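This is model-v4.csv (CSV, C-alpha atoms).
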```csv
chain,number,residue,atom,x,y,z
A,1215,MET,CA,-70.4,20.4,22.0
A,1216,ASP,CA,-69.8,24.0,22.9
A,1217,GLU,CA,-71.0,25.7,26.1
A,1218,GLU,CA,-74.1,27.2,24.7
A,1219,ALA,CA,-75.2,23.9,23.2
A,1220,ARG,CA,-74.5,22.2,26.5
A,1221,ARG,CA,-76.7,24.8,28.4
A,1222,HIS,CA,-79.4,24.3,25.8
A,1223,ALA,CA,-79.4,20.6,26.2
A,1224,GLU,CA,-79.4,20.8,30.0
A,1225,LYS,CA,-82.3,23.2,30.0
A,1226,LYS,CA,-84.3,21.0,27.7
A,1227,ARG,CA,-83.4,18.0,29.8
A,1228,ARG,CA,-84.9,19.7,32.9
A,1229,ILE,CA,-88.1,20.6,30.9
A,1230,LYS,CA,-88.4,17.0,29.8
A,1231,GLU,CA,-88.1,15.8,33.4
A,1232,VAL,CA,-90.9,18.0,34.5
A,1233,LYS,CA,-93.1,17.0,31.6
A,1234,ASP,CA,-92.4,13.3,32.1
A,1235,ARG,CA,-93.3,13.6,35.7
A,1236,LEU,CA,-96.5,15.5,34.8
A,1237,TYR,CA,-97.5,12.9,32.2
A,1238,ALA,CA,-96.8,10.0,34.6
A,1239,ALA,CA,-99.2,11.6,37.2
A,1240,ARG,CA,-102.0,11.7,34.6
A,1241,THR,CA,-103.4,8.2,34.8
A,1242,LYS,CA,-107.1,8.5,34.5
A,1243,GLU,CA,-109.1,7.7,31.4
A,1244,LYS,CA,-112.6,8.9,31.1
A,1245,GLY,CA,-115.1,10.0,28.5
A,1246,LEU,CA,-114.7,13.7,28.3
A,1247,LEU,CA,-117.5,16.3,28.0
A,1248,ILE,CA,-115.8,18.9,25.8
A,1249,VAL,CA,-117.2,22.4,25.0
A,1250,HIS,CA,-116.1,24.7,22.2
A,1251,THR,CA,-117.6,28.1,22.7
A,1252,GLY,CA,-116.8,31.8,22.2
A,1253,ARG,CA,-117.4,34.3,19.4
A,1254,GLY,CA,-114.3,33.3,17.4
A,1255,LYS,CA,-114.0,30.8,14.6
A,1256,GLY,CA,-112.9,27.3,15.1
A,1257,LYS,CA,-115.6,25.8,17.3
A,1258,SER,CA,-117.1,23.4,14.8
A,1259,THR,CA,-113.9,23.0,12.8
A,1260,ALA,CA,-112.0,21.9,15.9
A,1261,ALA,CA,-114.8,19.3,16.4
A,1262,TRP,CA,-114.2,18.1,12.9
A,1263,GLY,CA,-110.5,17.8,13.7
A,1264,LEU,CA,-111.4,15.5,16.6
A,1265,VAL,CA,-113.6,13.5,14.3
A,1266,VAL,CA,-110.6,13.0,11.9
A,1267,ARG,CA,-108.4,12.0,14.8
A,1268,THR,CA,-110.9,9.5,15.9
A,1269,LEU,CA,-111.4,8.1,12.4
A,1270,GLY,CA,-107.6,7.8,12.1
A,1271,HIS,CA,-107.8,5.3,14.9
A,1272,GLY,CA,-110.5,3.4,13.1
A,1273,ARG,CA,-113.2,4.4,15.7
A,1274,ARG,CA,-116.8,5.4,14.9
A,1275,VAL,CA,-118.2,8.9,15.3
A,1276,GLY,CA,-121.8,10.2,15.7
A,1277,ILE,CA,-122.6,13.7,14.7
A,1278,VAL,CA,-125.8,15.7,15.3
A,1279,GLN,CA,-126.0,19.1,13.7
A,1280,PHE,CA,-128.6,21.1,15.6
A,1281,VAL,CA,-128.6,23.9,13.1
A,1282,LYS,CA,-128.3,23.4,9.4
A,1283,GLY,CA,-126.4,26.1,7.6
A,1284,ARG,CA,-127.3,27.9,4.4
A,1285,ARG,CA,-125.4,25.6,2.1
A,1286,GLU,CA,-123.9,22.2,1.6
A,1287,THR,CA,-120.7,22.2,3.7
A,1288,GLY,CA,-117.4,20.5,2.8
A,1289,GLU,CA,-117.3,18.6,6.1
A,1290,ARG,CA,-120.7,17.1,5.5
A,1291,ARG,CA,-119.8,16.0,2.0
A,1292,PHE,CA,-116.6,14.5,3.2
A,1293,PHE,CA,-118.0,12.7,6.2
A,1294,GLU,CA,-120.8,11.3,4.0
A,1295,ARG,CA,-118.2,9.4,2.2
A,1296,PHE,CA,-117.6,7.2,5.3
A,1297,PRO,CA,-121.0,5.9,6.1
A,1298,GLU,CA,-119.6,2.9,7.9
A,1299,LEU,CA,-117.5,5.2,10.3
A,1300,VAL,CA,-119.6,8.4,10.6
A,1301,GLU,CA,-123.3,8.6,11.4
A,1302,ILE,CA,-124.4,12.1,10.7
A,1303,ARG,CA,-127.8,13.6,11.4
A,1304,VAL,CA,-128.6,17.1,10.2
A,1305,MET,CA,-131.6,18.1,12.2
A,1306,GLY,CA,-132.1,21.9,12.1
A,1307,GLU,CA,-134.0,23.4,9.2
A,1308,GLY,CA,-131.8,26.4,8.6
A,1309,PHE,CA,-130.8,29.2,11.0
A,1310,THR,CA,-133.6,30.4,13.0
A,1311,TRP,CA,-133.5,33.8,11.4
A,1312,GLU,CA,-134.1,32.0,8.1
A,1313,THR,CA,-137.1,30.0,9.2
A,1314,GLN,CA,-139.0,32.6,11.3
A,1315,ASP,CA,-141.0,29.9,12.8
A,1316,ARG,CA,-140.3,29.1,16.4
A,1317,GLU,CA,-142.6,26.1,16.7
A,1318,ARG,CA,-140.8,24.4,13.7
A,1319,ASP,CA,-137.4,25.2,15.3
A,1320,VAL,CA,-138.5,23.7,18.6
A,1321,ARG,CA,-139.7,20.5,16.9
A,1322,ALA,CA,-136.4,20.2,15.0
A,1323,ALA,CA,-134.4,20.7,18.2
A,1324,ARG,CA,-136.5,18.1,20.0
A,1325,ALA,CA,-135.9,15.5,17.2
A,1326,ALA,CA,-132.1,16.4,17.3
A,1327,LEU,CA,-132.0,15.8,21.1
A,1328,ASP,CA,-133.7,12.4,20.6
A,1329,GLU,CA,-130.9,11.5,18.1
A,1330,ALA,CA,-128.3,12.7,20.6
A,1331,ARG,CA,-129.8,10.7,23.4
A,1332,ARG,CA,-129.7,7.6,21.3
A,1333,MET,CA,-126.0,8.1,20.2
A,1334,LEU,CA,-124.9,9.0,23.8
A,1335,THR,CA,-126.1,5.7,25.2
A,1336,SER,CA,-125.2,3.5,22.2
A,1337,PRO,CA,-122.1,1.3,22.4
A,1338,ASP,CA,-121.2,2.2,18.7
A,1339,PHE,CA,-119.3,5.4,19.1
A,1340,HIS,CA,-115.9,6.6,20.4
A,1341,LEU,CA,-116.9,10.3,19.9
A,1342,VAL,CA,-120.2,12.1,19.5
A,1343,VAL,CA,-120.4,15.7,18.3
A,1344,LEU,CA,-123.4,17.9,19.2
A,1345,ASP,CA,-122.8,20.7,16.8
A,1346,GLU,CA,-124.4,24.1,17.6
A,1347,LEU,CA,-126.3,22.7,20.5
A,1348,ASN,CA,-125.4,25.9,22.4
A,1349,ILE,CA,-127.3,28.0,19.8
A,1350,VAL,CA,-130.4,25.9,20.5
A,1351,LEU,CA,-130.0,26.3,24.2
A,1352,ARG,CA,-129.5,30.1,23.8
A,1353,TYR,CA,-132.9,30.4,22.1
A,1354,ASP,CA,-134.6,28.2,24.7
A,1355,TYR,CA,-135.6,25.7,22.1
A,1356,LEU,CA,-134.8,23.0,24.6
A,1357,PRO,CA,-134.8,23.0,28.4
A,1358,LEU,CA,-131.3,23.2,29.7
A,1359,ASP,CA,-132.0,20.8,32.6
A,1360,GLU,CA,-133.1,18.1,30.1
A,1361,VAL,CA,-130.0,18.6,27.9
A,1362,LEU,CA,-127.7,18.4,30.9
A,1363,GLU,CA,-129.5,15.2,32.0
A,1364,VAL,CA,-129.0,13.6,28.6
A,1365,LEU,CA,-125.3,14.5,28.7
A,1366,ARG,CA,-124.9,13.2,32.2
A,1367,ALA,CA,-126.5,9.9,31.3
A,1368,ARG,CA,-124.0,9.2,28.5
A,1369,ARG,CA,-121.8,6.1,28.3
A,1370,PRO,CA,-119.0,6.8,30.8
A,1371,ASP,CA,-116.2,6.2,28.3
A,1372,LEU,CA,-117.7,8.2,25.4
A,1373,HIS,CA,-116.2,11.5,24.4
A,1374,VAL,CA,-118.7,14.3,23.6
A,1375,VAL,CA,-118.1,17.6,22.0
A,1376,VAL,CA,-120.7,20.4,22.3
A,1377,THR,CA,-120.2,23.5,20.1
A,1378,GLY,CA,-121.7,26.9,19.7
A,1379,ARG,CA,-121.2,30.4,21.2
A,1380,ASN,CA,-122.8,31.3,24.5
A,1381,ALA,CA,-122.3,28.0,26.2
A,1382,PRO,CA,-124.5,28.3,29.4
A,1383,PRO,CA,-122.5,28.4,32.7
A,1384,GLU,CA,-124.2,25.2,33.9
A,1385,LEU,CA,-122.8,23.3,30.8
A,1386,VAL,CA,-119.3,24.8,31.4
A,1387,GLU,CA,-119.6,23.6,35.0
A,1388,ALA,CA,-120.5,20.1,33.9
A,1389,ALA,CA,-117.8,19.9,31.3
A,1390,ASP,CA,-114.3,18.4,31.6
A,1391,LEU,CA,-112.6,20.5,28.9
A,1392,VAL,CA,-113.7,23.9,27.8
A,1393,THR,CA,-112.1,26.1,25.2
A,1394,GLU,CA,-113.2,29.6,24.3
A,1395,MET,CA,-112.5,30.6,20.7
A,1396,ARG,CA,-111.8,34.3,20.9
A,1397,GLU,CA,-111.9,36.4,17.8
A,1398,VAL,CA,-108.8,38.5,17.5
A,1399,LYS,CA,-109.2,39.4,13.9
A,1400,HIS,CA,-111.9,38.6,11.3
A,1401,PRO,CA,-111.8,39.2,7.5
A,1402,PHE,CA,-115.6,39.8,7.3
A,1403,ARG,CA,-114.8,43.2,8.8
A,1404,GLU,CA,-112.7,43.9,5.7
A,1405,GLY,CA,-115.5,43.0,3.3
A,1406,VAL,CA,-114.2,39.5,2.5
A,1407,ARG,CA,-117.0,37.1,1.9
A,1408,ALA,CA,-117.4,33.5,3.2
A,1409,GLN,CA,-115.1,31.3,1.1
A,1410,MET,CA,-115.1,27.7,0.1
A,1411,GLY,CA,-113.0,25.5,2.4
A,1412,ILE,CA,-112.9,28.2,5.1
A,1413,GLU,CA,-116.5,29.0,6.1
A,1414,TYR,CA,-118.3,26.1,4.4
B,1274,MET,CA,-150.7,32.3,14.3
B,1275,ASP,CA,-150.9,33.8,17.8
B,1276,GLU,CA,-149.4,37.1,18.9
B,1277,GLU,CA,-146.2,35.7,20.3
B,1278,ALA,CA,-145.5,33.7,17.2
B,1279,ARG,CA,-146.1,36.8,15.1
B,1280,ARG,CA,-143.7,38.8,17.2
B,1281,HIS,CA,-141.1,36.0,17.0
B,1282,ALA,CA,-141.4,35.9,13.2
B,1283,GLU,CA,-141.2,39.6,12.9
B,1284,LYS,CA,-138.0,39.8,15.1
B,1285,LYS,CA,-136.4,37.0,13.1
B,1286,ARG,CA,-137.4,38.7,9.8
B,1287,ARG,CA,-135.6,41.9,10.9
B,1288,ILE,CA,-132.5,39.9,11.9
B,1289,LYS,CA,-132.5,38.2,8.5
B,1290,GLU,CA,-132.7,41.5,6.7
B,1291,VAL,CA,-129.7,42.8,8.6
B,1292,LYS,CA,-127.7,39.6,7.9
B,1293,ASP,CA,-128.6,39.5,4.3
B,1294,ARG,CA,-127.4,43.1,3.9
B,1295,LEU,CA,-124.2,42.3,5.7
B,1296,TYR,CA,-123.6,39.2,3.5
B,1297,ALA,CA,-124.3,41.2,0.3
B,1298,ALA,CA,-121.6,43.8,1.3
B,1299,ARG,CA,-119.0,41.1,1.6
B,1300,THR,CA,-117.9,40.5,-2.0
B,1301,LYS,CA,-114.1,40.1,-1.9
B,1302,GLU,CA,-112.4,36.7,-2.3
B,1303,LYS,CA,-108.8,36.3,-1.3
B,1304,GLY,CA,-106.5,33.7,0.0
B,1305,LEU,CA,-106.5,34.1,3.8
B,1306,LEU,CA,-103.6,34.0,6.2
B,1307,ILE,CA,-105.2,32.3,9.2
B,1308,VAL,CA,-103.6,32.0,12.7
B,1309,HIS,CA,-104.8,29.7,15.5
B,1310,THR,CA,-102.9,30.6,18.7
B,1311,GLY,CA,-103.4,30.7,22.4
B,1312,ARG,CA,-102.8,28.3,25.3
B,1313,GLY,CA,-106.1,26.4,24.8
B,1314,LYS,CA,-106.8,23.3,22.9
B,1315,GLY,CA,-108.2,23.3,19.3
B,1316,LYS,CA,-105.5,25.1,17.4
B,1317,SER,CA,-104.3,22.2,15.3
B,1318,THR,CA,-107.6,20.3,15.5
B,1319,ALA,CA,-109.4,23.4,14.0
B,1320,ALA,CA,-106.8,23.3,11.2
B,1321,TRP,CA,-107.7,19.6,10.5
B,1322,GLY,CA,-111.3,20.7,10.4
B,1323,LEU,CA,-110.5,23.2,7.6
B,1324,VAL,CA,-108.6,20.4,5.8
B,1325,VAL,CA,-111.7,18.2,6.0
B,1326,ARG,CA,-113.9,21.1,4.7
B,1327,THR,CA,-111.5,21.6,1.8
B,1328,LEU,CA,-111.3,17.9,1.0
B,1329,GLY,CA,-115.1,17.8,0.9
B,1330,HIS,CA,-115.0,20.2,-1.9
B,1331,GLY,CA,-112.5,18.0,-3.7
B,1332,ARG,CA,-109.6,20.4,-3.4
B,1333,ARG,CA,-106.0,19.5,-2.4
B,1334,VAL,CA,-104.3,20.3,0.8
B,1335,GLY,CA,-100.6,20.6,1.8
B,1336,ILE,CA,-99.5,20.1,5.4
B,1337,VAL,CA,-96.1,20.8,7.0
B,1338,GLN,CA,-95.8,19.7,10.6
B,1339,PHE,CA,-93.0,21.7,12.1
B,1340,VAL,CA,-93.0,19.7,15.3
B,1341,LYS,CA,-93.5,16.0,15.4
B,1342,GLY,CA,-95.4,14.7,18.4
B,1343,ARG,CA,-94.5,11.8,20.7
B,1344,ARG,CA,-96.7,9.4,18.9
B,1345,GLU,CA,-98.5,8.5,15.7
B,1346,THR,CA,-101.5,10.7,15.6
B,1347,GLY,CA,-105.0,9.8,14.3
B,1348,GLU,CA,-105.1,12.8,11.9
B,1349,ARG,CA,-101.8,11.7,10.3
B,1350,ARG,CA,-103.0,8.2,9.9
B,1351,PHE,CA,-106.2,9.4,8.4
B,1352,PHE,CA,-104.8,11.9,6.0
B,1353,GLU,CA,-102.2,9.4,4.8
B,1354,ARG,CA,-105.2,7.5,3.3
B,1355,PHE,CA,-105.7,10.2,0.8
B,1356,PRO,CA,-102.3,10.6,-0.9
B,1357,GLU,CA,-103.9,12.1,-4.0
B,1358,LEU,CA,-105.6,14.9,-2.0
B,1359,VAL,CA,-103.3,15.5,1.0
B,1360,GLU,CA,-99.5,16.0,0.8
B,1361,ILE,CA,-98.2,15.8,4.3
B,1362,ARG,CA,-94.6,16.4,5.5
B,1363,VAL,CA,-93.6,15.8,9.1
B,1364,MET,CA,-90.4,17.6,9.5
B,1365,GLY,CA,-89.7,18.1,13.2
B,1366,GLU,CA,-87.9,15.4,15.1
B,1367,GLY,CA,-89.9,15.3,18.3
B,1368,PHE,CA,-90.6,18.2,20.7
B,1369,THR,CA,-87.5,20.2,21.4
B,1370,TRP,CA,-87.5,19.1,25.1
B,1371,GLU,CA,-87.2,15.6,23.8
B,1372,THR,CA,-84.3,16.1,21.4
B,1373,GLN,CA,-82.1,18.4,23.5
B,1374,ASP,CA,-80.1,19.2,20.4
B,1375,ARG,CA,-80.6,22.8,19.2
B,1376,GLU,CA,-78.7,22.4,16.0
B,1377,ARG,CA,-80.7,19.4,14.9
B,1378,ASP,CA,-83.9,21.3,15.6
B,1379,VAL,CA,-82.7,24.2,13.6
B,1380,ARG,CA,-81.9,22.0,10.6
B,1381,ALA,CA,-85.3,20.3,10.8
B,1382,ALA,CA,-87.1,23.7,11.0
B,1383,ARG,CA,-85.1,24.9,8.0
B,1384,ALA,CA,-86.1,21.8,5.9
B,1385,ALA,CA,-89.7,22.4,7.0
B,1386,LEU,CA,-89.6,26.0,5.8
B,1387,ASP,CA,-88.3,24.9,2.4
B,1388,GLU,CA,-91.2,22.5,2.1
B,1389,ALA,CA,-93.6,25.3,3.1
B,1390,ARG,CA,-92.1,27.7,0.6
B,1391,ARG,CA,-92.6,25.2,-2.2
B,1392,MET,CA,-96.2,24.5,-1.2
B,1393,LEU,CA,-97.1,28.2,-0.8
B,1394,THR,CA,-96.1,29.0,-4.4
B,1395,SER,CA,-97.3,25.8,-6.0
B,1396,PRO,CA,-100.5,25.9,-8.0
B,1397,ASP,CA,-101.5,22.5,-6.5
B,1398,PHE,CA,-103.2,23.4,-3.3
B,1399,HIS,CA,-106.3,25.2,-2.0
B,1400,LEU,CA,-105.1,25.2,1.6
B,1401,VAL,CA,-101.7,24.8,3.2
B,1402,VAL,CA,-101.4,24.1,7.0
B,1403,LEU,CA,-98.1,25.1,8.7
B,1404,ASP,CA,-98.7,23.2,11.9
B,1405,GLU,CA,-96.8,24.4,15.0
B,1406,LEU,CA,-94.8,26.9,13.1
B,1407,ASN,CA,-95.3,29.4,16.0
B,1408,ILE,CA,-93.4,27.0,18.3
B,1409,VAL,CA,-90.4,27.0,16.0
B,1410,LEU,CA,-90.6,30.8,15.9
B,1411,ARG,CA,-90.9,31.0,19.6
B,1412,TYR,CA,-87.6,29.1,20.0
B,1413,ASP,CA,-85.9,31.3,17.3
B,1414,TYR,CA,-85.2,28.2,15.2
B,1415,LEU,CA,-86.1,30.3,12.1
B,1416,PRO,CA,-85.8,34.1,11.6
B,1417,LEU,CA,-89.2,35.7,11.8
B,1418,ASP,CA,-88.5,38.1,8.9
B,1419,GLU,CA,-87.8,35.2,6.6
B,1420,VAL,CA,-90.9,33.3,7.6
B,1421,LEU,CA,-93.1,36.4,7.1
B,1422,GLU,CA,-91.5,36.9,3.7
B,1423,VAL,CA,-92.3,33.3,2.7
B,1424,LEU,CA,-95.9,33.8,3.8
B,1425,ARG,CA,-96.2,37.1,1.9
B,1426,ALA,CA,-94.9,35.5,-1.2
B,1427,ARG,CA,-97.6,32.9,-1.3
B,1428,ARG,CA,-100.0,32.4,-4.2
B,1429,PRO,CA,-102.6,35.2,-3.7
B,1430,ASP,CA,-105.6,32.8,-3.8
B,1431,LEU,CA,-104.1,30.2,-1.4
B,1432,HIS,CA,-105.5,29.9,2.2
B,1433,VAL,CA,-102.8,29.2,4.8
B,1434,VAL,CA,-103.2,28.2,8.4
B,1435,VAL,CA,-100.5,28.7,10.9
B,1436,THR,CA,-100.9,27.1,14.3
B,1437,GLY,CA,-99.2,27.1,17.7
B,1438,ARG,CA,-99.2,29.1,20.9
B,1439,ASN,CA,-97.4,32.4,21.2
B,1440,ALA,CA,-98.0,33.7,17.7
B,1441,PRO,CA,-95.6,36.6,17.3
B,1442,PRO,CA,-97.3,40.1,17.0
B,1443,GLU,CA,-95.9,40.6,13.6
B,1444,LEU,CA,-97.6,37.4,12.3
B,1445,VAL,CA,-100.9,38.5,13.9
B,1446,GLU,CA,-100.5,41.9,12.2
B,1447,ALA,CA,-99.9,40.2,8.8
B,1448,ALA,CA,-102.8,37.8,9.2
B,1449,ASP,CA,-106.4,38.1,7.9
B,1450,LEU,CA,-108.1,35.9,10.5
B,1451,VAL,CA,-106.7,35.2,14.0
B,1452,THR,CA,-108.4,33.1,16.6
B,1453,GLU,CA,-107.1,32.7,20.2
B,1454,MET,CA,-108.0,29.4,21.7
B,1455,ARG,CA,-108.4,30.2,25.4
B,1456,GLU,CA,-108.2,27.5,28.0
B,1457,VAL,CA,-111.3,27.7,30.2
B,1458,LYS,CA,-111.0,24.3,31.8
B,1459,HIS,CA,-108.6,21.4,31.2
B,1460,PRO,CA,-108.9,17.8,32.4
B,1461,PHE,CA,-105.1,17.4,32.7
B,1462,ARG,CA,-105.5,19.4,35.9
B,1463,GLU,CA,-107.8,16.6,37.2
B,1464,GLY,CA,-105.2,14.0,36.5
B,1465,VAL,CA,-106.8,12.7,33.3
B,1466,ARG,CA,-104.2,11.5,30.8
B,1467,ALA,CA,-103.9,12.2,27.1
B,1468,GLN,CA,-106.5,10.0,25.4
B,1469,MET,CA,-106.9,8.5,21.9
B,1470,GLY,CA,-109.0,10.5,19.6
B,1471,ILE,CA,-108.7,13.6,21.8
B,1472,GLU,CA,-105.0,14.5,22.2
B,1473,TYR,CA,-103.6,12.2,19.5
```
Encoded form (structure tokens):
Amino acid sequence: MDEEARRHAEKKRRIKEVKDRLYAARTKEKGLLIVHTGRGKGKSTAAWGLVVRTLGHGRRVGIVQFVKGRRETGERRFFERFPELVEIRVMGEGFTWETQDRERDVRAARAALDEARRMLTSPDFHLVVLDELNIVLRYDYLPLDEVLEVLRARRPDLHVVVTGRNAPPELVEAADLVTEMREVKHPFREGVRAQMGIEY
Amino acid sequence: MDEEARRHAEKKRRIKEVKDRLYAARTKEKGLLIVHTGRGKGKSTAAWGLVVRTLGHGRRVGIVQFVKGRRETGERRFFERFPELVEIRVMGEGFTWETQDRERDVRAARAALDEARRMLTSPDFHLVVLDELNIVLRYDYLPLDEVLEVLRARRPDLHVVVTGRNAPPELVEAADLVTEMREVKHPFREGVRAQMGIEY
């Protein structure tokens, strides 16, 4: 082993020591309240990644989609193939700028919250995804205090992911893990349209 | 319909008009080079979400993992259940601070790049994920110019996702869609350990 390789090995060994010590200090297990927010892409897709990870361990997942998109999405089609592992409820009736009917939107949001409450206290799930809940909060279709109370009352070992831009500060405060997806570059600006497998 | 509901509907109608016009102007289809970077969580998980979306449309996915994690991950277990739809190659031999052997890391990175090159020119895939490629670039295990050339030479209608913190500026420049996952809050700081379904 030459001198450079030795120095490399030594440096990596020190990094490993620090990391091992860090990992050893992390001993707590708890159900996490996770928030994916920001204007960039990846908020819901990262939630689907956590779903996959959970399914890989053979655990069950609950999904409530608070806002239904314009079209049949790949993830929905895929998850519907695993009815014994994924319970999915699509509650919204199209983006609010499609429906133009606030009362109907509020009713749909309310029904979605009822589903969320049931899943969050059920013993059946390892992970529950509340997709686009932040959008619903942003439009005041549900009272924030009530939503926070539903999240607080969840089973203590359950992981929950809330997605959507404009997460309210009170939700960020209540969360354990918050990631902001920041848009650095977006192909829509170049006239590229939504494409299969990427946007839907 | 009362006055408030009417104003709401009118406002939403105008938003819908603007959005419809925007969507109509986006007509191009192209294979996207997508980068998930930043210090926050969600870079690889959002890539797995795109995999799920693609599988939902019945299209095939190639995955090269440039850095193998400490343990068997849920996503790997899950994707291995679909050998006809997902081709996955795990090439790294543990995090570099685990191996402490630069030459071995370089060889592993080289083999991974060969797999990537093959997948990127193959007609078989709708999406290819090059997971943690940025890490390998960060350690100079592969020459950046060569990696950029491999990405440039891909099939024009193929979508590619590159993940890992510290994406080099030249890669960001070459990409169509770049998201930075920004860490707002992380439970490791509170002593919570890596948990099944979340970190692995």
Check your understanding: Quick one: which residues from chain A are at most 6 Å off chain B, using all atoms listed in the file, as a PyMOL selection string?
Key -> chain A and resi 1223+1226+1230+1240-1243+1254+1256+1259-1260+1262-1263+1266-1268+1270-1271+1288-1289+1291-1292+1311+1314+1390-1401+1405-1407+1411
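If you look at CA of Ala1325 (chain A) and CA of Glu1276 (chain B), they are 25.5 Å away from each other.
Minimum atom-to-atom distance to Ile1349 (chain A), evaluated using only C-alpha atoms, belongs to A:Ala1381 out of A:Ala1330, A:Leu1372, A:Ala1381, A:Ala1322.
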**Study point:** Distance of CA of Met1392 (chain B) from CA of Thr1436 (chain B), expressed in Å to one decimal place
**Key:** 16.4 Å
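You will find CA of Gly1335 (chain B) at 12.2 Å from CA of Ala1385 (chain B).
Proximity to Arg1331 (chain A) was assessed for A:Leu1385, A:Val1364, A:Val1375, A:Ile1302 counting only C-alpha atoms; the smallest distance is recorded for A:Val1364.
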